[in-house]
Amino acid sequence: MRRAGGFSLVELMVAIVLALVVTAGAIAVFVGSRTAYQATAGVAAVTDGGRIAVALLQQDVRNSGYIACTQTEYYWQTMDAQDTRVMLDALNGAAGTLAYDFRYGIAGYEATGTAPNDAVMVPAAPVVDATNADWAPALDTVFTDGSIAPAPTQTAGSDVLVLRSSLGVTPAYLTQYVPTGTTNFTVSDVAKLAVGQIAALSDCRQAVVFQIGSAPAGGVGAVNVSLTTGGGVVPGDVAGATVVRPFEAGSLVTPLTTTVYYIGKGSDGDYALKRLALNAPGAAAPALFTDEEVVPDIESMQVLYGIATASSLSPSQYVTADNVPDFRQVVSVEIALLAASAPGSGTGPPVPQSFNLLGTTVQLANDNRQRRVFQFTVAIRNQMP
């Protein structure tokens, strides 16, 4: 009689145990590989985001205060705060405005409660802060008055940095002498000049800021540029505006831009480095702000301003925006950014985290994201004596 074939119970149990051991090993390898990938991807995301943000800010800060070859530096020769190289006589209501006050190449707003030695909590989900008084000085009303579409999405706890300069385009040049009282003049080429733009006419000693009134027209070497004459343009030139001082042939004419960097709610619902920009592509008008997302997952920005004095033309101290006596005295800026990886890209269980940004302690909710602080100092070459 033949014996029945098959495995005994003991053999089956041994086979199952071996299979479980092999499966557990395979799972461990997979989990380890996935964890390593998450860590690598998280580090790469943090590094790339921070590097891009630093590069953009460094370039814009370094170029701030360049107004058609004129500088916005303080008048150290006279020590008179009323003296200025950039004249706003033609531009309507420009003095003190966020967008159009080109006497100052740099400005800023300090988030309340975020000075060095303060501690601030960054919520897990960004919340738009419409309270202008949560910054010092109070945040400009363009952030909250509905004049910008889509509206800015600023969040509390981060500073706001304002930079003004010529737009990065080839300038036009006067083809003939322009006397005081002129309302229009000719330049060498259109050179990206457009109706409604805020522009500057400069001989590198002083600049006159105005708004272009009509589309520049004419052939090469004889392109007509005019000041606005009122009407519905924003901000417009003052009634009867003219060029308030003479300029020789060869003086520059170039459009201007104001860029305002802040931390806001991004398109994905998370934190992002954002900016308001004049003359940005897609703007409703050249002289109106457009809100743009620059770099995602930047959660905090802290800024300190290096102040020069007559006795020391290099920075003698770094202060918050609300303690700057005159922004033309700012010759360098310290900036700290907190960059994060995407949610869920950490390598361990959620833990509380805190970081030091220029002396400000930034605390975060428990999560498993990777983070890194990027801190750098930039000299403002157009405000240095």
# chains A, B, ... in the order shown; residues from 1 in each chain; ligands from 1
call {"tool": "residues_around", "arguments": {"residues": "A:Tyr271", "least_positions_apart": "5", "cutoff": "9 Å", "atoms": "only C-alpha atoms", "output": "PDB file with C-alpha atoms, in the first residue's frame"}}
result
ATOM      1  CA  ALA A 125      -2.007  76.339   8.735  1.00  0.00           C
ATOM      2  CA  PRO A 126      -1.498  79.941   7.559  1.00  0.00           C
ATOM      3  CA  THR A 155       0.259  86.197   7.629  1.00  0.00           C
ATOM      4  CA  ILE A 263       5.165  85.687   3.868  1.00  0.00           C
ATOM      5  CA  GLY A 264       1.636  84.731   2.899  1.00  0.00           C
ATOM      6  CA  LYS A 265      -0.771  81.908   2.169  1.00  0.00           C
ATOM      7  CA  GLY A 266       0.263  80.179  -1.053  1.00  0.00           C
ATOM      8  CA  PRO A 296       6.469  77.803  -1.693  1.00  0.00           C
ATOM      9  CA  ASP A 297       7.020  76.504   1.842  1.00  0.00           C
ATOM     10  CA  ILE A 298       8.868  79.559   3.214  1.00  0.00           C
ATOM     11  CA  GLU A 299       7.279  79.883   6.668  1.00  0.00           C
ATOM     12  CA  SER A 300       8.932  82.913   8.246  1.00  0.00           C
TER      13      SER A 300
END
call {"tool": "residues_around", "arguments": {"residues": "A:Ala124", "least_positions_apart": "6", "cutoff": "9 Å", "atoms": "only C-alpha atoms", "output": "list in words"}}
result
Asp270, Leu364, Ala365, Asn366 and Asp367 of chain A
call {"tool": "write_last_selection", "arguments": {"atoms": "N, CA and C atoms", "output": "PDB file, in the first residue's frame"}}
result
ATOM      1  N   ASP A 270      -0.564  76.456   1.890  1.00  0.00           N
ATOM      2  CA  ASP A 270       0.543  76.447   2.854  1.00  0.00           C
ATOM      3  C   ASP A 270       1.274  77.790   2.785  1.00  0.00           C
ATOM      4  N   LEU A 364       7.079  76.190  16.130  1.00  0.00           N
ATOM      5  CA  LEU A 364       6.157  75.589  15.172  1.00  0.00           C
ATOM      6  C   LEU A 364       5.368  74.463  15.818  1.00  0.00           C
ATOM      7  N   ALA A 365       4.199  74.201  15.255  1.00  0.00           N
ATOM      8  CA  ALA A 365       3.361  73.114  15.735  1.00  0.00           C
ATOM      9  C   ALA A 365       4.042  71.774  15.474  1.00  0.00           C
ATOM     10  N   ASN A 366       3.621  70.741  16.220  1.00  0.00           N
ATOM     11  CA  ASN A 366       4.199  69.412  16.049  1.00  0.00           C
ATOM     12  C   ASN A 366       3.912  68.892  14.642  1.00  0.00           C
ATOM     13  N   ASP A 367       4.936  68.552  13.914  1.00  0.00           N
ATOM     14  CA  ASP A 367       4.765  67.899  12.618  1.00  0.00           C
ATOM     15  C   ASP A 367       6.052  67.157  12.288  1.00  0.00           C
TER      16      ASP A 367
END
call {"tool": "residues_around", "arguments": {"residues": "A:Arg275", "least_positions_apart": "6", "cutoff": "6 Å", "atoms": "only C-alpha atoms", "output": "list in words"}}
result
Val260, Tyr261, Tyr262, Asp291 and Glu292 of chain A
call {"tool": "residues_around", "arguments": {"residues": "A:Ala45", "least_positions_apart": "4", "cutoff": "8 Å", "atoms": "only C-alpha atoms", "output": "number ranges by chain"}}
result
A: 41, 49, 340-342
call {"tool": "closest_residue", "arguments": {"among": "A:Ser267, A:Ser64, A:Ser311, A:Asn132", "to": "A:Phe102", "atoms": "only C-alpha atoms"}}
result
A:Ser64
call {"tool": "closest_residue", "arguments": {"among": "A:Ala217, A:Val122, A:Val233, A:Leu161", "to": "A:Gly108", "atoms": "only C-alpha atoms"}}
result
A:Leu161
call {"tool": "closest_residue", "arguments": {"among": "A:Ala149, A:Ala239, A:Ile335, A:Leu304", "to": "A:Thr320", "atoms": "only C-alpha atoms"}}
result
A:Leu304
call {"tool": "select_by_dssp", "arguments": {"residues": "stretch 109-331 of chain A", "states": "helix (DSSP H, G or I)", "output": "JSON, numbers by chain"}}
result
{"A": [132, 133, 134, 141, 142, 143, 321, 322, 323, 327, 328, 329]}
call {"tool": "write_last_selection", "arguments": {"atoms": "N, CA and C atoms", "output": "mmCIF file, in the first residue's frame"}}
result
data_model
loop_
_atom_site.group_PDB
_atom_site.id
_atom_site.type_symbol
_atom_site.label_atom_id
_atom_site.label_comp_id
_atom_site.auth_asym_id
_atom_site.auth_seq_id
_atom_site.Cartn_x
_atom_site.Cartn_y
_atom_site.Cartn_z
ATOM 1 N N ASN A 132 -3.886 95.720 9.964
ATOM 2 C CA ASN A 132 -2.682 96.458 9.584
ATOM 3 C C ASN A 132 -1.810 96.793 10.781
ATOM 4 N N ALA A 133 -2.427 96.979 11.946
ATOM 5 C CA ALA A 133 -1.682 97.358 13.149
ATOM 6 C C ALA A 133 -0.842 96.220 13.706
ATOM 7 N N ASP A 134 -0.911 95.027 13.126
ATOM 8 C CA ASP A 134 -0.053 93.931 13.562
ATOM 9 C C ASP A 134 1.371 94.070 13.034
ATOM 10 N N THR A 141 -2.254 100.260 3.502
ATOM 11 C CA THR A 141 -3.637 99.825 3.265
ATOM 12 C C THR A 141 -3.820 99.049 1.964
ATOM 13 N N VAL A 142 -2.862 99.106 1.034
ATOM 14 C CA VAL A 142 -3.035 98.343 -0.202
ATOM 15 C C VAL A 142 -3.109 96.843 0.079
ATOM 16 N N PHE A 143 -2.618 96.427 1.243
ATOM 17 C CA PHE A 143 -2.705 95.008 1.599
ATOM 18 C C PHE A 143 -4.138 94.595 1.935
ATOM 19 N N ALA A 321 12.541 97.470 11.563
ATOM 20 C CA ALA A 321 12.033 98.513 10.669
ATOM 21 C C ALA A 321 11.457 99.693 11.425
ATOM 22 N N ASP A 322 10.792 99.432 12.545
ATOM 23 C CA ASP A 322 10.159 100.523 13.288
ATOM 24 C C ASP A 322 11.161 101.388 14.035
ATOM 25 N N ASN A 323 12.439 101.019 14.012
ATOM 26 C CA ASN A 323 13.470 101.814 14.677
ATOM 27 C C ASN A 323 14.447 102.461 13.698
ATOM 28 N N PHE A 327 15.217 105.683 6.107
ATOM 29 C CA PHE A 327 15.600 104.487 5.353
ATOM 30 C C PHE A 327 16.698 104.764 4.329
ATOM 31 N N ARG A 328 17.002 106.030 4.060
ATOM 32 C CA ARG A 328 18.138 106.317 3.183
ATOM 33 C C ARG A 328 19.460 106.077 3.897
ATOM 34 N N GLN A 329 19.424 105.922 5.216
ATOM 35 C CA GLN A 329 20.632 105.626 5.986
ATOM 36 C C GLN A 329 20.903 104.125 6.074
#
